[in-house]
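> Following this line is target.pdb, made up of PDB, C-alpha atoms:
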ATOM      1  CA  MET A   1       0.000   0.000   0.000
ATOM      2  CA  ARG A   2       1.058   3.610  -0.391
ATOM      3  CA  GLU A   3       1.186   6.508   2.018
ATOM      4  CA  SER A   4       1.577  10.199   1.260
ATOM      5  CA  ALA A   5       3.169  12.779   3.511
ATOM      6  CA  LEU A   6       3.451  16.538   3.069
ATOM      7  CA  ILE A   7       7.144  17.338   3.261
ATOM      8  CA  GLY A   8       8.374  20.850   2.679
ATOM      9  CA  GLY A   9       5.136  21.782   0.928
ATOM     10  CA  THR A  10       5.227  18.808  -1.452
ATOM     11  CA  ALA A  11       3.408  15.534  -1.182
ATOM     12  CA  ARG A  12       5.806  12.635  -0.982
ATOM     13  CA  THR A  13       4.530   9.160  -1.764
ATOM     14  CA  SER A  14       6.336   6.013  -0.677
ATOM     15  CA  LEU A  15       5.519   2.344  -0.629
ATOM     16  CA  VAL A  16       4.904   0.691   2.747
ATOM     17  CA  PHE A  17       5.039  -3.047   3.377
ATOM     18  CA  PRO A  18       2.637  -4.708   5.848
ATOM     19  CA  GLN A  19       5.277  -4.877   8.591
ATOM     20  CA  GLY A  20       5.329  -1.094   8.573
ATOM     21  CA  ARG A  21       8.762  -0.513   7.032
ATOM     22  CA  THR A  22       8.846   2.152   4.354
ATOM     23  CA  VAL A  23      10.854   1.272   1.281
ATOM     24  CA  GLY A  24      13.432   3.925   0.485
ATOM     25  CA  ARG A  25      13.402   5.505   3.927
ATOM     26  CA  VAL A  26      16.577   4.927   5.930
ATOM     27  CA  GLU A  27      15.864   4.638   9.654
ATOM     28  CA  PRO A  28      19.133   4.690  11.659
ATOM     29  CA  SER A  29      17.701   3.176  14.867
ATOM     30  CA  THR A  30      16.071   0.290  13.027
ATOM     31  CA  ASP A  31      19.121  -0.144  10.833
ATOM     32  CA  ILE A  32      21.368  -0.493  13.900
ATOM     33  CA  ARG A  33      19.218  -3.386  15.080
ATOM     34  CA  ASP A  34      19.056  -5.102  11.719
ATOM     35  CA  PHE A  35      22.752  -4.584  11.039
ATOM     36  CA  LEU A  36      23.905  -5.937  14.404
ATOM     37  CA  ILE A  37      21.550  -8.920  14.198
ATOM     38  CA  SER A  38      22.802  -9.749  10.706
ATOM     39  CA  ARG A  39      26.454  -9.470  11.760
ATOM     40  CA  ARG A  40      26.196 -11.602  14.910
ATOM     41  CA  ALA A  41      24.257 -14.240  12.969
ATOM     42  CA  ARG A  42      27.277 -14.508  10.699
ATOM     43  CA  VAL A  43      29.814 -15.298  13.448
ATOM     44  CA  SER A  44      29.758 -18.831  14.856
ATOM     45  CA  PRO A  45      30.617 -19.541  18.522
ATOM     46  CA  GLU A  46      33.673 -21.443  17.312
ATOM     47  CA  GLN A  47      34.894 -18.435  15.334
ATOM     48  CA  ALA A  48      34.418 -16.192  18.366
ATOM     49  CA  GLY A  49      36.009 -18.662  20.772
ATOM     50  CA  VAL A  50      32.834 -19.228  22.797
ATOM     51  CA  PRO A  51      32.655 -22.643  24.539
ATOM     52  CA  ASP A  52      29.729 -24.853  23.530
ATOM     53  CA  PHE A  53      27.904 -25.651  26.755
ATOM     54  CA  GLY A  54      25.097 -27.493  24.999
ATOM     55  CA  TYR A  55      22.388 -25.158  26.352
ATOM     56  CA  GLY A  56      20.567 -28.061  27.938
ATOM     57  CA  GLY A  57      19.770 -29.689  24.614
ATOM     58  CA  LYS A  58      18.066 -26.534  23.286
ATOM     59  CA  CYS A  59      18.510 -25.679  19.667
ATOM     60  CA  ARG A  60      20.714 -22.595  19.647
ATOM     61  CA  VAL A  61      20.239 -19.649  17.334
ATOM     62  CA  GLN A  62      22.430 -19.140  14.293
ATOM     63  CA  GLY A  63      25.573 -17.253  15.163
ATOM     64  CA  LEU A  64      26.185 -15.492  18.464
ATOM     65  CA  ARG A  65      23.599 -14.742  21.136
ATOM     66  CA  ARG A  66      23.259 -11.255  22.573
ATOM     67  CA  GLU A  67      24.671 -12.537  25.839
ATOM     68  CA  GLU A  68      27.754 -13.839  24.084
ATOM     69  CA  VAL A  69      28.348 -10.591  22.191
ATOM     70  CA  ALA A  70      28.039  -8.659  25.449
ATOM     71  CA  MET A  71      30.385 -11.002  27.324
ATOM     72  CA  LEU A  72      33.043 -10.928  24.613
ATOM     73  CA  SER A  73      32.762  -7.130  24.320
ATOM     74  CA  GLY A  74      33.104  -6.568  28.064
ATOM     75  CA  ILE A  75      29.717  -4.898  28.526
ATOM     76  CA  SER A  76      26.469  -5.884  30.216
ATOM     77  CA  VAL A  77      23.729  -7.716  28.366
ATOM     78  CA  GLU A  78      21.328  -4.871  29.146
ATOM     79  CA  TYR A  79      23.710  -2.317  27.636
ATOM     80  CA  TYR A  80      24.171  -4.311  24.437
ATOM     81  CA  THR A  81      20.435  -5.032  24.187
ATOM     82  CA  HIS A  82      19.657  -1.307  24.418
ATOM     83  CA  LEU A  83      22.157  -0.603  21.631
ATOM     84  CA  GLU A  84      20.729  -3.336  19.420
ATOM     85  CA  ARG A  85      17.321  -1.738  19.905
ATOM     86  CA  GLY A  86      18.660   1.543  18.550
ATOM     87  CA  LYS A  87      19.249   3.294  21.889
ATOM     88  CA  ALA A  88      22.550   4.803  20.831
ATOM     89  CA  THR A  89      22.838   7.910  23.028
ATOM     90  CA  GLY A  90      26.084   8.023  24.975
ATOM     91  CA  VAL A  91      27.676   4.957  23.400
ATOM     92  CA  SER A  92      31.455   5.418  23.473
ATOM     93  CA  HIS A  93      33.935   4.691  20.704
ATOM     94  CA  GLU A  94      35.594   2.148  22.981
ATOM     95  CA  VAL A  95      32.375   0.155  23.303
ATOM     96  CA  LEU A  96      31.763   0.271  19.545
ATOM     97  CA  ASP A  97      35.349  -0.823  18.905
ATOM     98  CA  ALA A  98      34.875  -3.780  21.262
ATOM     99  CA  ILE A  99      31.633  -4.812  19.551
ATOM    100  CA  ALA A 100      33.266  -4.443  16.132
ATOM    101  CA  ARG A 101      36.077  -6.758  17.200
ATOM    102  CA  THR A 102      33.648  -9.300  18.645
ATOM    103  CA  LEU A 103      31.571  -9.348  15.469
ATOM    104  CA  GLN A 104      34.739  -9.439  13.353
ATOM    105  CA  LEU A 105      33.679  -6.432  11.282
ATOM    106  CA  ASP A 106      35.852  -5.305   8.399
ATOM    107  CA  ASP A 107      36.746  -1.641   7.850
ATOM    108  CA  ALA A 108      33.588  -0.869   5.862
ATOM    109  CA  GLU A 109      31.316  -2.588   8.395
ATOM    110  CA  ARG A 110      32.993  -0.852  11.327
ATOM    111  CA  ALA A 111      32.612   2.555   9.666
ATOM    112  CA  HIS A 112      28.965   1.760   8.899
ATOM    113  CA  LEU A 113      28.255   0.874  12.535
ATOM    114  CA  PHE A 114      29.817   4.140  13.699
ATOM    115  CA  ASP A 115      27.788   6.098  11.120
ATOM    116  CA  LEU A 116      24.507   4.492  12.187
ATOM    117  CA  VAL A 117      25.174   5.045  15.882
ATOM    118  CA  ARG A 118      26.292   8.643  15.344
ATOM    119  CA  THR A 119      23.105   9.500  13.456
ATOM    120  CA  ALA A 120      20.766   7.611  15.798
ATOM    121  CA  ALA A 121      22.339   9.280  18.835
ATOM    122  CA  THR A 122      21.475  12.753  17.540
ATOM    123  CA  GLY A 123      17.824  11.908  16.916
ATOM    124  CA  GLY A 124      17.908  13.691  13.580
ATOM    125  CA  PRO A 125      20.035  14.614  10.577
ATOM    126  CA  VAL A 126      23.746  15.049  11.257
ATOM    127  CA  ARG A 127      25.143  18.302   9.886
ATOM    128  CA  ARG A 128      27.454  17.272   7.059
ATOM    129  CA  ARG A 129      28.978  18.956   4.094
ATOM    130  CA  PRO A 130      26.544  18.455   1.210
ATOM    131  CA  SER A 131      27.783  16.191  -1.550
ATOM    132  CA  GLN A 132      29.295  18.171  -4.402
ATOM    133  CA  GLU A 133      27.298  17.584  -7.588
ATOM    134  CA  ARG A 134      29.150  19.960  -9.871
ATOM    135  CA  VAL A 135      32.265  18.558 -11.531
ATOM    136  CA  ARG A 136      34.878  21.278 -11.573
ATOM    137  CA  PRO A 137      36.417  22.193 -14.954
ATOM    138  CA  ALA A 138      39.865  21.212 -13.657
ATOM    139  CA  VAL A 139      38.589  17.713 -12.854
ATOM    140  CA  GLN A 140      37.033  17.424 -16.313
ATOM    141  CA  ARG A 141      40.363  18.434 -17.846
ATOM    142  CA  ILE A 142      42.077  15.691 -15.861
ATOM    143  CA  LEU A 143      39.562  13.176 -17.228
ATOM    144  CA  ASP A 144      40.005  14.412 -20.793
ATOM    145  CA  ALA A 145      43.788  14.181 -20.487
ATOM    146  CA  MET A 146      43.479  10.436 -19.823
ATOM    147  CA  LEU A 147      43.452   9.401 -23.477
ATOM    148  CA  THR A 148      44.251   5.696 -23.141
ATOM    149  CA  VAL A 149      42.236   4.708 -20.052
ATOM    150  CA  PRO A 150      38.497   4.861 -19.321
ATOM    151  CA  ALA A 151      37.649   7.161 -16.419
ATOM    152  CA  TYR A 152      34.588   8.785 -14.902
ATOM    153  CA  VAL A 153      33.515  10.716 -11.805
ATOM    154  CA  ARG A 154      30.729   9.365  -9.609
ATOM    155  CA  ASN A 155      29.115  10.247  -6.302
ATOM    156  CA  GLY A 156      27.968   8.030  -3.432
ATOM    157  CA  ARG A 157      24.611   7.344  -5.120
ATOM    158  CA  LEU A 158      26.479   5.837  -8.104
ATOM    159  CA  ASP A 159      25.473   8.736 -10.372
ATOM    160  CA  ILE A 160      28.021   9.235 -13.156
ATOM    161  CA  LEU A 161      28.681  12.983 -13.092
ATOM    162  CA  ALA A 162      31.332  13.203 -15.825
ATOM    163  CA  ALA A 163      33.472  10.930 -17.981
ATOM    164  CA  ASN A 164      36.198  11.025 -20.563
ATOM    165  CA  GLN A 165      35.635   9.812 -24.115
ATOM    166  CA  LEU A 166      36.861   6.270 -23.470
ATOM    167  CA  GLY A 167      34.865   6.061 -20.237
ATOM    168  CA  LYS A 168      31.713   6.941 -22.176
ATOM    169  CA  ALA A 169      32.648   4.344 -24.770
ATOM    170  CA  VAL A 170      33.103   1.546 -22.233
ATOM    171  CA  TYR A 171      29.829   2.419 -20.500
ATOM    172  CA  SER A 172      27.989   3.551 -23.626
ATOM    173  CA  GLN A 173      24.930   1.444 -22.741
ATOM    174  CA  VAL A 174      24.663   3.126 -19.315
ATOM    175  CA  PHE A 175      24.673   6.572 -20.927
ATOM    176  CA  THR A 176      22.296   5.587 -23.722
ATOM    177  CA  GLN A 177      19.686   4.108 -21.384
ATOM    178  CA  ALA A 178      19.828   6.987 -18.892
ATOM    179  CA  GLN A 179      17.564   9.087 -21.128
ATOM    180  CA  ALA A 180      16.383  12.178 -19.175
ATOM    181  CA  GLN A 181      18.079  11.127 -15.931
ATOM    182  CA  ALA A 182      21.730  11.317 -14.983
ATOM    183  CA  PRO A 183      23.430   7.995 -15.737
ATOM    184  CA  ASN A 184      23.265   5.859 -12.602
ATOM    185  CA  MET A 185      25.159   2.595 -12.339
ATOM    186  CA  ALA A 186      22.678   0.998  -9.910
ATOM    187  CA  ARG A 187      19.704   1.734 -12.166
ATOM    188  CA  PHE A 188      21.527   0.192 -15.110
ATOM    189  CA  ILE A 189      22.586  -2.893 -13.136
ATOM    190  CA  PHE A 190      19.111  -3.677 -11.809
ATOM    191  CA  LEU A 191      16.737  -2.252 -14.404
ATOM    192  CA  SER A 192      18.460  -2.764 -17.759
ATOM    193  CA  PRO A 193      17.903  -6.110 -19.515
ATOM    194  CA  GLN A 194      21.372  -5.637 -21.055
ATOM    195  CA  ALA A 195      23.199  -5.496 -17.707
ATOM    196  CA  PRO A 196      23.529  -9.275 -17.070
ATOM    197  CA  GLU A 197      25.212  -9.687 -20.458
ATOM    198  CA  PHE A 198      27.391  -6.606 -20.083
ATOM    199  CA  PHE A 199      28.640  -7.518 -16.581
ATOM    200  CA  THR A 200      30.107 -11.012 -16.868
ATOM    201  CA  SER A 201      29.905 -11.446 -13.072
ATOM    202  CA  TRP A 202      26.521  -9.763 -12.689
ATOM    203  CA  GLU A 203      25.668 -11.328  -9.308
ATOM    204  CA  ALA A 204      28.843 -10.009  -7.693
ATOM    205  CA  ILE A 205      28.485  -6.598  -9.368
ATOM    206  CA  ALA A 206      24.881  -6.307  -8.173
ATOM    207  CA  SER A 207      25.806  -7.221  -4.602
ATOM    208  CA  ASP A 208      28.683  -4.729  -4.615
ATOM    209  CA  ALA A 209      26.439  -1.932  -5.904
ATOM    210  CA  VAL A 210      23.909  -2.464  -3.114
ATOM    211  CA  ALA A 211      26.694  -2.664  -0.525
ATOM    212  CA  ILE A 212      28.054   0.684  -1.760
ATOM    213  CA  LEU A 213      24.598   2.266  -1.513
ATOM    214  CA  ARG A 214      24.170   0.788   2.002
ATOM    215  CA  SER A 215      27.425   2.425   3.061
ATOM    216  CA  GLU A 216      26.312   5.732   1.579
ATOM    217  CA  ALA A 217      22.949   5.464   3.348
ATOM    218  CA  GLY A 218      24.766   5.033   6.652
ATOM    219  CA  ARG A 219      26.804   8.173   6.000
ATOM    220  CA  ASN A 220      23.922  10.231   4.601
ATOM    221  CA  PRO A 221      20.612   8.696   5.784
ATOM    222  CA  TYR A 222      18.663  11.879   5.069
ATOM    223  CA  ASP A 223      19.787  12.292   1.455
ATOM    224  CA  ARG A 224      16.458  12.643  -0.332
ATOM    225  CA  ARG A 225      17.797  11.592  -3.745
ATOM    226  CA  LEU A 226      19.409   8.521  -2.232
ATOM    227  CA  SER A 227      16.167   7.565  -0.480
ATOM    228  CA  ASP A 228      14.259   8.016  -3.726
ATOM    229  CA  LEU A 229      16.738   5.810  -5.595
ATOM    230  CA  ILE A 230      16.552   3.071  -2.949
ATOM    231  CA  GLY A 231      12.770   3.243  -2.976
ATOM    232  CA  GLU A 232      12.612   3.063  -6.770
ATOM    233  CA  LEU A 233      14.888   0.039  -7.000
ATOM    234  CA  SER A 234      13.257  -1.710  -4.032
ATOM    235  CA  THR A 235       9.803  -1.468  -5.530
ATOM    236  CA  ARG A 236      10.862  -2.431  -9.058
ATOM    237  CA  THR A 237      13.098  -5.444  -8.485
ATOM    238  CA  ASP A 238      13.303  -8.307  -6.013
ATOM    239  CA  GLU A 239      17.002  -8.659  -6.815
ATOM    240  CA  PHE A 240      17.701  -5.279  -5.247
ATOM    241  CA  ARG A 241      15.268  -5.659  -2.355
ATOM    242  CA  GLY A 242      16.731  -8.990  -1.247
ATOM    243  CA  ARG A 243      20.276  -7.635  -1.301
ATOM    244  CA  TRP A 244      19.265  -4.460   0.518
ATOM    245  CA  ALA A 245      17.786  -6.548   3.350
ATOM    246  CA  ALA A 246      21.140  -8.319   3.830
ATOM    247  CA  HIS A 247      22.704  -5.098   5.248
ATOM    248  CA  ASN A 248      26.068  -5.743   3.572
ATOM    249  CA  VAL A 249      28.391  -2.771   3.107
ATOM    250  CA  LYS A 250      31.587  -2.221   1.151
ATOM    251  CA  PHE A 251      34.310   0.301   0.379
ATOM    252  CA  HIS A 252      34.723   0.616  -3.386
ATOM    253  CA  ARG A 253      38.453   1.264  -3.677
ATOM    254  CA  THR A 254      40.162  -1.196  -6.005
ATOM    255  CA  GLY A 255      39.411  -4.408  -7.861
ATOM    256  CA  THR A 256      38.799  -6.005 -11.244
ATOM    257  CA  LYS A 257      35.761  -5.982 -13.495
ATOM    258  CA  GLN A 258      34.985  -8.321 -16.347
ATOM    259  CA  LEU A 259      32.772  -6.827 -19.034
ATOM    260  CA  HIS A 260      31.360  -8.001 -22.350
ATOM    261  CA  HIS A 261      31.244  -4.895 -24.506
ATOM    262  CA  PRO A 262      28.820  -4.964 -27.472
ATOM    263  CA  VAL A 263      31.481  -3.535 -29.815
ATOM    264  CA  VAL A 264      34.824  -5.076 -28.779
ATOM    265  CA  GLY A 265      33.790  -8.118 -26.760
ATOM    266  CA  ASP A 266      35.330  -9.252 -23.470
ATOM    267  CA  LEU A 267      37.277  -6.812 -21.280
ATOM    268  CA  THR A 268      39.112  -7.515 -18.040
ATOM    269  CA  LEU A 269      39.890  -4.193 -16.402
ATOM    270  CA  ALA A 270      41.513  -3.310 -13.082
ATOM    271  CA  TYR A 271      40.063  -0.220 -11.416
ATOM    272  CA  GLU A 272      41.189   2.286  -8.804
ATOM    273  CA  ALA A 273      38.880   4.720  -6.995
ATOM    274  CA  LEU A 274      40.582   8.074  -6.398
ATOM    275  CA  GLU A 275      38.950  10.334  -3.822
ATOM    276  CA  LEU A 276      38.541  14.034  -4.596
ATOM    277  CA  PRO A 277      38.984  15.670  -1.160
ATOM    278  CA  ALA A 278      37.988  19.106  -2.452
ATOM    279  CA  ASP A 279      34.729  17.744  -3.882
ATOM    280  CA  HIS A 280      32.894  16.001  -1.058
ATOM    281  CA  GLY A 281      31.398  12.670  -2.078
ATOM    282  CA  GLN A 282      33.077  12.529  -5.486
ATOM    283  CA  ARG A 283      35.699  10.070  -6.708
ATOM    284  CA  ILE A 284      37.346   9.283 -10.028
ATOM    285  CA  LEU A 285      37.137   5.676 -11.225
ATOM    286  CA  VAL A 286      40.037   4.806 -13.523
ATOM    287  CA  TYR A 287      40.231   1.502 -15.440
ATOM    288  CA  THR A 288      43.355  -0.087 -16.904
ATOM    289  CA  ALA A 289      44.102  -3.250 -18.870
ATOM    290  CA  GLU A 290      47.153  -5.457 -18.568
ATOM    291  CA  PRO A 291      49.685  -4.259 -21.180
ATOM    292  CA  ALA A 292      49.770  -6.338 -24.395
ATOM    293  CA  SER A 293      46.735  -8.345 -23.243
ATOM    294  CA  PRO A 294      43.605  -8.985 -25.337
ATOM    295  CA  SER A 295      41.799  -6.433 -23.161
ATOM    296  CA  ASP A 296      44.495  -3.852 -23.908
ATOM    297  CA  ASP A 297      44.037  -4.468 -27.629
ATOM    298  CA  ALA A 298      40.261  -4.228 -27.214
ATOM    299  CA  LEU A 299      40.562  -0.882 -25.383
ATOM    300  CA  LYS A 300      42.696   0.524 -28.186
ATOM    301  CA  LEU A 301      40.118  -0.622 -30.720
ATOM    302  CA  LEU A 302      37.365   0.916 -28.597
ATOM    303  CA  ALA A 303      39.251   4.220 -28.438
ATOM    304  CA  THR A 304      39.378   4.278 -32.233
ATOM    305  CA  TRP A 305      35.679   3.472 -32.418
ATOM    306  CA  ALA A 306      34.850   6.196 -29.874
ATOM    307  CA  ALA A 307      36.813   8.796 -31.849
ATOM    308  CA  THR A 308      34.587   8.221 -34.879
ATOM    309  CA  THR A 309      31.260   7.701 -33.102
ATOM    310  CA  SER A 310      28.998  10.244 -31.417
ATOM    311  CA  LEU A 311      28.773   9.376 -27.727
ATOM    312  CA  GLU A 312      26.862  12.407 -26.581
ATOM    313  CA  GLU A 313      24.612  11.180 -23.787
ATOM    314  CA  PRO A 314      20.943  12.226 -23.926
ATOM    315  CA  HIS A 315      20.606  12.795 -20.165
ATOM    316  CA  ALA A 316      20.194  16.068 -18.330
ATOM    317  CA  ASP A 317      23.336  18.073 -17.491
ATOM    318  CA  THR A 318      23.922  17.273 -13.790
ATOM    319  CA  THR A 319      26.628  19.923 -13.387
ATOM    320  CA  ARG A 320      24.158  22.780 -13.638
TER     321      ARG A 320
END
Output the file's structure as structure tokens, nothing else.

Amino acid sequence: MRESALIGGTARTSLVFPQGRTVGRVEPSTDIRDFLISRRARVSPEQAGVPDFGYGGKCRVQGLRREEVAMLSGISVEYYTHLERGKATGVSHEVLDAIARTLQLDDAERAHLFDLVRTAATGGPVRRRPSQERVRPAVQRILDAMLTVPAYVRNGRLDILAANQLGKAVYSQVFTQAQAQAPNMARFIFLSPQAPEFFTSWEAIASDAVAILRSEAGRNPYDRRLSDLIGELSTRTDEFRGRWAAHNVKFHRTGTKQLHHPVVGDLTLAYEALELPADHGQRILVYTAEPASPSDDALKLLATWAATTSLEEPHADTTR
């Protein structure tokens, strides 16, 4: 069913499931609970070094119990239970560090927990620098100077804000299908019928995209555009909704992508994400191929194709 709310003079409609959770709305207190439950369910007693006392023949829950997390973290069960229920006021960094160690969180998961607790503790939006949407001319010149490697600038919502010619050529389908909207990698991955063929490892790419959006939602839970994107994808595809419910998060820093380009065929490209400290929320994604490899040859062929083909994207100018 749908509900409408008057926000800032405009009616906002969102889809609500029977259990009362609104799709697209990030709720830090509820997300703390769901995130902690999902993380402790992932850690077995053996992994955490908890003795198996048998529990009197009772069937134990998957993963760690609240009591075990509290014991291993050096806090009371009541304290941990309050935190898992979203009562985050006054929680110290030392306590969060101890819980992160107990639950064996990686860097992205630890940062996400801190973000959720920080926002929930304030009871409202945290004052942050707004994400920079305008790509500065100097950054565009840097992109354009990269003649032999694909590169583009994106924000935390996976909007592509700018690209060089070879970057547009590699992701030509993303730009073409964006139409009136800014190209968005998550929309392409989950809504385009061409995405599973383009991304050779679509399942992994899809999971990574959702994990990146989850991380961004923890940092900026009151970003209206992000909430709208999450709501759109949640209501249009089960593939996104199921992954969103898993509460996985990830830093998108380096790795390898395997693509099947419609013009030059298979590409195996290493990527590096370069932060732009002066432009909050923006990073440059640069892709390279192994020298003298088939992918390197394919990129050179693609560069030639791009130089003779119009790649002007039909989407709105997001730098205005």
> Which residues match the PyMOL selection byres ((chain A and resi 200-216) around 8) in the file above, as JSON, numbers by chain?
{"A": [108, 112, 156, 157, 158, 185, 186, 189, 190, 195, 196, 197, 198, 199, 217, 218, 219, 220, 221, 240, 243, 244, 247, 248, 249, 250, 251, 252, 258, 259, 260]}
> If the PyMOL selection byres ((chain A and resi 288) around 8) were run on this exact file, what residues would it hold? Put them as a PyMOL selection string.
chain A and resi 149-150+269-271+286-287+289-290
> Any chance you could export the current selection's C-alpha atoms as a compact mmCIF listing (two decimals), in the frame of the given file?

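again_7.txt written:
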# COMPACT_ATOMS: atom_id res chain seq x y z
CA VAL A 149 42.24 4.71 -20.05
CA PRO A 150 38.50 4.86 -19.32
CA LEU A 269 39.89 -4.19 -16.40
CA ALA A 270 41.51 -3.31 -13.08
CA TYR A 271 40.06 -0.22 -11.42
CA VAL A 286 40.04 4.81 -13.52
CA TYR A 287 40.23 1.50 -15.44
CA ALA A 289 44.10 -3.25 -18.87
CA GLU A 290 47.15 -5.46 -18.57
> Residues at most 12 Å from Pro51 (chain A), counting only C-alpha atoms, excluding those fewer than 6 positions away in the same chain, as a list in words?
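Everything that qualifies: Ser44, Pro45, Leu64, Glu68 and Leu72 of chain A.
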> Here is a test: counting all atoms listed in the file, which residue of A:Val61, A:Arg253, A:Ile99, A:Gly49 is nearest to Ser76 (chain A)?
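Ranking A:Val61, A:Arg253, A:Ile99, A:Gly49 by distance to Ser76 (chain A), first place goes to A:Ile99.
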> Pick out the residues sitting within 12 Å of Arg42 (chain A), and hand them over as a ChimeraX atom specification; count all atoms listed in the file, and ignore anything fewer than 3 positions along from it in its own chain.
/A:35-39,45-48,61-65,102-105,246-248
> Would you kindly translate the PyMOL selection byres ((chain A and resi 144) around 12) into the concrete residues it picks from this file, as an MDAnalysis selection string?
chainID A and resid 137:143 145:153 162:168
> Can you spit out the residues from that selection as an mmCIF file, in the coordinates of the input, using C-alpha atoms?

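Wrote it out as out14.cif, contents follow:
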data_model
loop_
_atom_site.group_PDB
_atom_site.id
_atom_site.type_symbol
_atom_site.label_atom_id
_atom_site.label_comp_id
_atom_site.auth_asym_id
_atom_site.auth_seq_id
_atom_site.Cartn_x
_atom_site.Cartn_y
_atom_site.Cartn_z
ATOM 1 C CA PRO A 137 36.417 22.193 -14.954
ATOM 2 C CA ALA A 138 39.865 21.212 -13.657
ATOM 3 C CA VAL A 139 38.589 17.713 -12.854
ATOM 4 C CA GLN A 140 37.033 17.424 -16.313
ATOM 5 C CA ARG A 141 40.363 18.434 -17.846
ATOM 6 C CA ILE A 142 42.077 15.691 -15.861
ATOM 7 C CA LEU A 143 39.562 13.176 -17.228
ATOM 8 C CA ALA A 145 43.788 14.181 -20.487
ATOM 9 C CA MET A 146 43.479 10.436 -19.823
ATOM 10 C CA LEU A 147 43.452 9.401 -23.477
ATOM 11 C CA THR A 148 44.251 5.696 -23.141
ATOM 12 C CA VAL A 149 42.236 4.708 -20.052
ATOM 13 C CA PRO A 150 38.497 4.861 -19.321
ATOM 14 C CA ALA A 151 37.649 7.161 -16.419
ATOM 15 C CA TYR A 152 34.588 8.785 -14.902
ATOM 16 C CA VAL A 153 33.515 10.716 -11.805
ATOM 17 C CA ALA A 162 31.332 13.203 -15.825
ATOM 18 C CA ALA A 163 33.472 10.930 -17.981
ATOM 19 C CA ASN A 164 36.198 11.025 -20.563
ATOM 20 C CA GLN A 165 35.635 9.812 -24.115
ATOM 21 C CA LEU A 166 36.861 6.270 -23.470
ATOM 22 C CA GLY A 167 34.865 6.061 -20.237
ATOM 23 C CA LYS A 168 31.713 6.941 -22.176
#
> In Å, rounded to a single decimal, give me how far CA of Asp266 (chain A) is from CA of Ser293 (chain A).
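These atoms are spaced 11.4 Å apart.
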> Can you sort out the box for region 279-292 of chain A, edges along x, y and z, all listed atoms in, 8 Å on every side, with centre and edge lengths in Å to one decimal, as lines of an AutoDock Vina configuration file?

center_x = 40.6
center_y = 5.7
center_z = -12.7
size_x = 34.4
size_y = 40.1
size_z = 39.3
> Here is a test: counting all atoms listed in the file, which residue of A:Ile32, A:Ala298, A:Ala178, A:Ala98 is nearest to Leu83 (chain A)?
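Ranked by minimum distance to Leu83 (chain A), first place goes to A:Ile32.
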> Using only C-alpha atoms, can you tell me which of A:Ala307, A:Leu302, A:Leu233, A:Val95 comes closest to Tyr171 (chain A)?
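Ranked by minimum distance to Tyr171 (chain A), first place goes to A:Leu302.
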